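Some notes on the structure that comes next.
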Number of protein chains: 2
Amino acid sequence: MNPGNTETSLQIRSLVKGSGELELSLVSVPIPQPGPDEVLLRVEATPINPSDLGLLLGAADMSTARQSGTAERPVVTATVPEKLMKAMAARIDQSMPVGNEGAGTVIAAGSSAEAQALLGKTVATFGGAMYSQHRCVKTAQCVVLPPGTSAAEGAACFVNPMTALGMVETMRREGHTALVHTAAASNLGQMLNRLCIADHVGLVNVVRSEQQEQLLKAQGAEHVCNSSAATFLRDLTDAIAATGATLAFDAIGGGPLAGQILGCMEAALLRSAKEYQRYGSTTHKQVYIYGALDLGPTTLTRNYGAAWGVAGWLLLPFLQKIGPEAMRKLQVRAVSELKTTFASHYTKVVSLAEALQLQEIAVYGRRATGEKYLINPNK
Amino acid sequence: MNPGNTETSLQIRSLVKGSGELELSLVSVPIPQPGPDEVLLRVEATPINPSDLGLLLGAADMSTARQSGTAERPVVTATVPEKLMKAMAARIDQSMPVGNEGAGTVIAAGSSAEAQALLGKTVATFGGAMYSQHRCVKTAQCVVLPPGTSAAEGAACFVNPMTALGMVETMRREGHTALVHTAAASNLGQMLNRLCIADHVGLVNVVRSEQQEQLLKAQGAEHVCNSSAATFLRDLTDAIAATGATLAFDAIGGGPLAGQILGCMEAALLRSAKEYQRYGSTTHKQVYIYGALDLGPTTLTRNYGAAWGVAGWLLLPFLQKIGPEAMRKLQVRAVSELKTTFASHYTKVVSLAEALQLQEIAVYGRRATGEKYLINPNK
């Protein structure tokens, strides 16, 4: 295959109109031609991560979603609640491609030696617009998958593995020695659990059901706390005391959980305190919110002294902060353990058109633990 | 006067009993004798700062307060709500002296040259237990007040001046160029306003009434936003856009304000954004909570991207972090501007016994802006 720019390729687009409507559709775009230091990828696998859903679905109320168009070219429309339109201001009336990461075969290459060397290879990459049949990317953004690793196995080698590695790296750089993680039964959570076991890092897994608790325990997790149990706060304090965790990564965001974690950390620290500290423990306790499974407000009860912080955390700014050399080290590790520590599991593989079927959106749009989709744009 | 250790001295004590009762009283303690590098102070002025009230009143419900004892030796008791007793665990049944800072005359000195040099001088100091008629302190913790500066004028030369200076220093060290301050009409807030005017630092003053707005404007404040005005969020966004503030110090703590500030910072940043940033502005926005005028939960709506943080902030850990040399520079400045930038104003001067009268506690315990008490333990 030697695509010229007269051929076209399908791509998922997300558009929030000024009228307050979200429109998802497939558009036909010319297949791009790679520049000297670029390659053209036939995208064969690209996951639907929670971090993609924010861009794909915007602030739309998906209970209002309607489908039109054809089976091959579905169009989904949904209403964005008026009070949330302000948050959409900067993307209004811009048709946006979606998809943070993916993998596929290099079917054309630019003139540089680096690009030519990738011809025919299966590579993983990131950088947006991966929900496309074809994607031009810089060679520097490509990682060649090891022999015997499929595009599906390598499609998710950036977001989740680098996030798990980034959490442990953050822990080390900020002087903590153990971690708390919420929504810990997620694909990412299972990865982090494997990583912490491999690296002998104490990890407190917070989950929302007994089923998830059993899942993680079956995977060797030592500390799993079920937030739906009546004994949750005591269990969490015990697990934090046992591990010495003073850092948490929270994917939930809304509700009392972030504050409860800080409170349990403080309680664990005060168990060993010798005398009254009027401003609480002087040990810094930190929660990073990196997700928004609960879009409601975070409520902090502030009963944990003054040495605490809650902050947003995102992978890309973190990687920029640590710099290219440190980032490369994490990447090498992620790729080398793609079938073990950083393996992803999907419940379903869909085409671009299938990804825009209401019944599929209803499943992956729930952001539920264990429901992870992979798109094969060339299915 | 040459006190031996047979003489006694009065001191305010705060005791939370295991039974759930707060007891405030005056106790008679032997006058301590200074060690070689210590001096004995006759305490003549010590302010009731918001930061003292936490220790003095604990988590007691002061609407339940009863008074007993005599006019000279009053005893105040109040109930600590059962659910708040957990937070009191580490101080239960310990009779605690109170008072962060104060000033007075050195009436006895240890053998060292440094101590002897302070004899007869009026000095300011800090370190707790200042609600006492006499207090032994290390010479290193004393600052000699300039000639013509009274104990009352120098009594508050640590907490508020160093906090105001610490806020501006934090701003500079963390790469911000302007500040937001809440409860800005407080004694500390007026100080910070004078400091920012003197140092040409942009300051957005957030107050709760028109009266406070006028007070600060009369003191030369350029940006004052009234949180009780219907236009508050727009006013705040405008003021933040005008100053470029990406850092706030919040004395309120509870409620939506900290999150609203982050939201207005984000809105101000996005006004100048050229294209859609799916995770919001990449400029870090920070709110430090340093007070708890509202003891209720902090509610964060998280509509301000991922580059944000909320954290506790306390003066002493901050000073420890910057180290003794940087701290000394701030102290020298605080003392040299005690009658101008860092002047404190009090509504009432009371004795130790008067400070334990219910009608006085009702006033200073409200933590209301403009109601600031000074104790003269030797009145």
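Residues are referred to by chain and number: the chain letter is A, B, ... according to the order shown in the structure tokens, the number counts from 1 in that chain, and ligands are numbered separately from 1 in the order shown.
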List as a tab-separated table every residue of chain A that is in contact with chain B, defined as an atom at most 8 Å from one of its atoms (using only C-alpha atoms), together with the nearest atom pair and the distance in Å rounded to one decimal, sorted by chain and then rising number.
```
residue	atom	partner	partner_atom	distance
A:Leu55	CA	B:Arg278	CA	6.8
A:Ala87	CA	B:Asn303	CA	7.2
A:Ala90	CA	B:Tyr276	CA	4.6
A:Arg91	CA	B:Tyr276	CA	5.1
A:Glu275	CA	B:Ala90	CA	6.5
A:Tyr276	CA	B:Ala90	CA	4.6
A:Gln277	CA	B:Ala90	CA	7.3
A:Arg278	CA	B:Leu55	CA	6.8
A:Tyr290	CA	B:Ala306	CA	7.8
A:Gly296	CA	B:Thr301	CA	6.7
A:Pro297	CA	B:Thr301	CA	4.3
A:Thr298	CA	B:Leu300	CA	4.9
A:Thr299	CA	B:Thr299	CA	4.5
A:Leu300	CA	B:Thr298	CA	4.9
A:Thr301	CA	B:Pro297	CA	4.3
A:Arg302	CA	B:Pro297	CA	6.7
A:Asn303	CA	B:Ala87	CA	7.2
A:Gly305	CA	B:Gly312	CA	7.9
A:Ala306	CA	B:Gly312	CA	4.6
A:Ala307	CA	B:Gly312	CA	5.7
A:Trp308	CA	B:Gly312	CA	5.5
A:Gly309	CA	B:Ala311	CA	3.9
A:Val310	CA	B:Val310	CA	5.2
A:Ala311	CA	B:Gly309	CA	3.9
A:Gly312	CA	B:Ala306	CA	4.6
A:Trp313	CA	B:Ala306	CA	6.1
A:Leu314	CA	B:Ala306	CA	6.6
```
query: Residues at most 9 Å from region 39-49 of chain A, counting only C-alpha atoms, excluding those fewer than 4 positions away in the same chain, as a ChimeraX atom specification?
result: /A:31-35,53,99-110,115-116,118-119,122-123,130-139,142,151-156,159-160,346,349,364,367,372-379
message: Using only C-alpha atoms, which protein or nucleic acid residues come within 9 Å of region 71-74 of chain A? Drop anything in the same chain fewer than 5 positions from it, and give the result as a PyMOL selection string.
response: chain A and resi 24-27+352-354+356-357
query: Could you write out, as a VMD selection string, all the residues of region 13-233 of chain B that DSSP marks as strand (DSSP E)?
result: chain B and resid 13 to 16 21 to 30 38 to 47 61 to 69 74 to 79 96 to 97 101 to 109 122 to 126 134 to 138 143 to 144 178 to 182 202 to 207 223 to 226
- request: Would you kindly return, as JSON, numbers by chain, each protein, DNA or RNA residue with an atom no farther than 12 Å from any atom of Asp238 (chain B), considering only C-alpha atoms and excluding same-chain residues fewer than 4 positions away?
  value: {"B": [204, 223, 224, 225, 231, 232, 233, 234, 242, 243, 244, 245, 261, 264, 265, 266, 267, 268, 269, 271]}
task: Can you check which residues of region 242-349 of chain B DSSP gives as alpha helix (DSSP H) on the backbone and send them as a PyMOL selection string?
output: chain B and resi 242-243+257-271+315-336
Residues just named, written with N, CA and C atoms as a tab-separated table (two decimals), in the first residue's frame:
```tsv
chain	number	residue	atom	x	y	z
B	242	ALA	N	-6.28	41.60	36.39
B	242	ALA	CA	-5.52	42.87	36.42
B	242	ALA	C	-4.17	42.70	37.13
B	243	THR	N	-4.13	41.84	38.15
B	243	THR	CA	-2.88	41.69	38.92
B	243	THR	C	-2.03	40.50	38.45
B	257	LEU	N	-15.04	29.19	49.10
B	257	LEU	CA	-14.20	30.33	48.69
B	257	LEU	C	-12.87	29.91	48.05
B	258	ALA	N	-12.16	28.97	48.68
B	258	ALA	CA	-10.85	28.57	48.12
B	258	ALA	C	-11.01	28.09	46.68
B	259	GLY	N	-12.04	27.28	46.44
B	259	GLY	CA	-12.30	26.78	45.09
B	259	GLY	C	-12.74	27.89	44.14
B	260	GLN	N	-13.53	28.84	44.66
B	260	GLN	CA	-13.95	29.97	43.81
B	260	GLN	C	-12.74	30.77	43.35
B	261	ILE	N	-11.78	30.95	44.24
B	261	ILE	CA	-10.58	31.70	43.88
B	261	ILE	C	-9.84	30.98	42.75
B	262	LEU	N	-9.70	29.65	42.88
B	262	LEU	CA	-9.04	28.88	41.82
B	262	LEU	C	-9.82	29.01	40.50
B	263	GLY	N	-11.14	28.96	40.60
B	263	GLY	CA	-11.97	29.10	39.41
B	263	GLY	C	-11.80	30.45	38.74
B	264	CYS	N	-11.73	31.51	39.54
B	264	CYS	CA	-11.55	32.86	38.98
B	264	CYS	C	-10.14	33.02	38.40
B	265	MET	N	-9.14	32.40	39.04
B	265	MET	CA	-7.79	32.43	38.48
B	265	MET	C	-7.78	31.76	37.11
B	266	GLU	N	-8.45	30.60	37.02
B	266	GLU	CA	-8.49	29.87	35.76
B	266	GLU	C	-9.21	30.71	34.69
B	267	ALA	N	-10.35	31.31	35.08
B	267	ALA	CA	-11.10	32.13	34.12
B	267	ALA	C	-10.24	33.29	33.64
B	268	ALA	N	-9.50	33.90	34.56
B	268	ALA	CA	-8.62	35.02	34.17
B	268	ALA	C	-7.53	34.54	33.22
B	269	LEU	N	-6.97	33.36	33.48
B	269	LEU	CA	-5.91	32.83	32.61
B	269	LEU	C	-6.46	32.47	31.23
B	270	LEU	N	-7.69	31.90	31.19
B	270	LEU	CA	-8.25	31.47	29.91
B	270	LEU	C	-8.69	32.65	29.05
B	271	ARG	N	-8.90	33.82	29.69
B	271	ARG	CA	-9.26	35.00	28.90
B	271	ARG	C	-8.21	35.28	27.84
B	315	LEU	N	3.07	29.38	59.68
B	315	LEU	CA	4.26	30.22	59.75
B	315	LEU	C	5.51	29.44	60.17
B	316	LEU	N	5.42	28.69	61.28
B	316	LEU	CA	6.66	28.09	61.81
B	316	LEU	C	7.31	27.09	60.87
B	317	PRO	N	6.54	26.15	60.28
B	317	PRO	CA	7.18	25.26	59.30
B	317	PRO	C	7.77	26.04	58.12
B	318	PHE	N	7.08	27.12	57.71
B	318	PHE	CA	7.63	27.93	56.62
B	318	PHE	C	8.97	28.52	57.02
B	319	LEU	N	9.05	29.06	58.24
B	319	LEU	CA	10.31	29.67	58.70
B	319	LEU	C	11.41	28.61	58.81
B	320	GLN	N	11.03	27.42	59.28
B	320	GLN	CA	12.03	26.35	59.34
B	320	GLN	C	12.55	26.00	57.95
B	321	LYS	N	11.65	26.03	56.98
B	321	LYS	CA	12.04	25.68	55.62
B	321	LYS	C	13.02	26.69	55.03
B	322	ILE	N	12.75	27.99	55.27
B	322	ILE	CA	13.63	28.98	54.64
B	322	ILE	C	14.95	29.13	55.41
B	323	GLY	N	14.99	28.67	56.67
B	323	GLY	CA	16.26	28.68	57.41
B	323	GLY	C	16.49	29.95	58.19
B	324	PRO	N	17.43	29.90	59.15
B	324	PRO	CA	17.61	31.00	60.12
B	324	PRO	C	18.05	32.32	59.48
B	325	GLU	N	18.85	32.26	58.43
B	325	GLU	CA	19.34	33.52	57.87
B	325	GLU	C	18.21	34.30	57.18
B	326	ALA	N	17.43	33.60	56.37
B	326	ALA	CA	16.31	34.24	55.69
B	326	ALA	C	15.28	34.72	56.72
B	327	MET	N	15.09	33.92	57.77
B	327	MET	CA	14.13	34.28	58.81
B	327	MET	C	14.58	35.56	59.52
B	328	ARG	N	15.86	35.66	59.81
B	328	ARG	CA	16.39	36.84	60.51
B	328	ARG	C	16.15	38.11	59.69
B	329	LYS	N	16.32	38.01	58.38
B	329	LYS	CA	16.07	39.17	57.51
B	329	LYS	C	14.63	39.66	57.65
B	330	LEU	N	13.70	38.71	57.67
B	330	LEU	CA	12.29	39.07	57.81
B	330	LEU	C	12.05	39.71	59.18
B	331	GLN	N	12.68	39.17	60.22
B	331	GLN	CA	12.50	39.69	61.58
B	331	GLN	C	13.00	41.12	61.71
B	332	VAL	N	14.16	41.37	61.12
B	332	VAL	CA	14.74	42.72	61.19
B	332	VAL	C	13.78	43.71	60.54
B	333	ARG	N	13.21	43.31	59.40
B	333	ARG	CA	12.28	44.21	58.73
B	333	ARG	C	11.02	44.42	59.58
B	334	ALA	N	10.50	43.33	60.18
B	334	ALA	CA	9.29	43.45	60.99
B	334	ALA	C	9.49	44.45	62.12
B	335	VAL	N	10.60	44.34	62.83
B	335	VAL	CA	10.82	45.22	63.98
B	335	VAL	C	11.06	46.66	63.53
B	336	SER	N	11.73	46.83	62.38
B	336	SER	CA	12.06	48.19	61.95
B	336	SER	C	10.83	48.95	61.44
```
message: So the first atom is CA of Ala229 (chain B) and the second is CA of Ile252 (chain B); what is the distance between them in Å, to one decimal place?
response: 17.2 Å
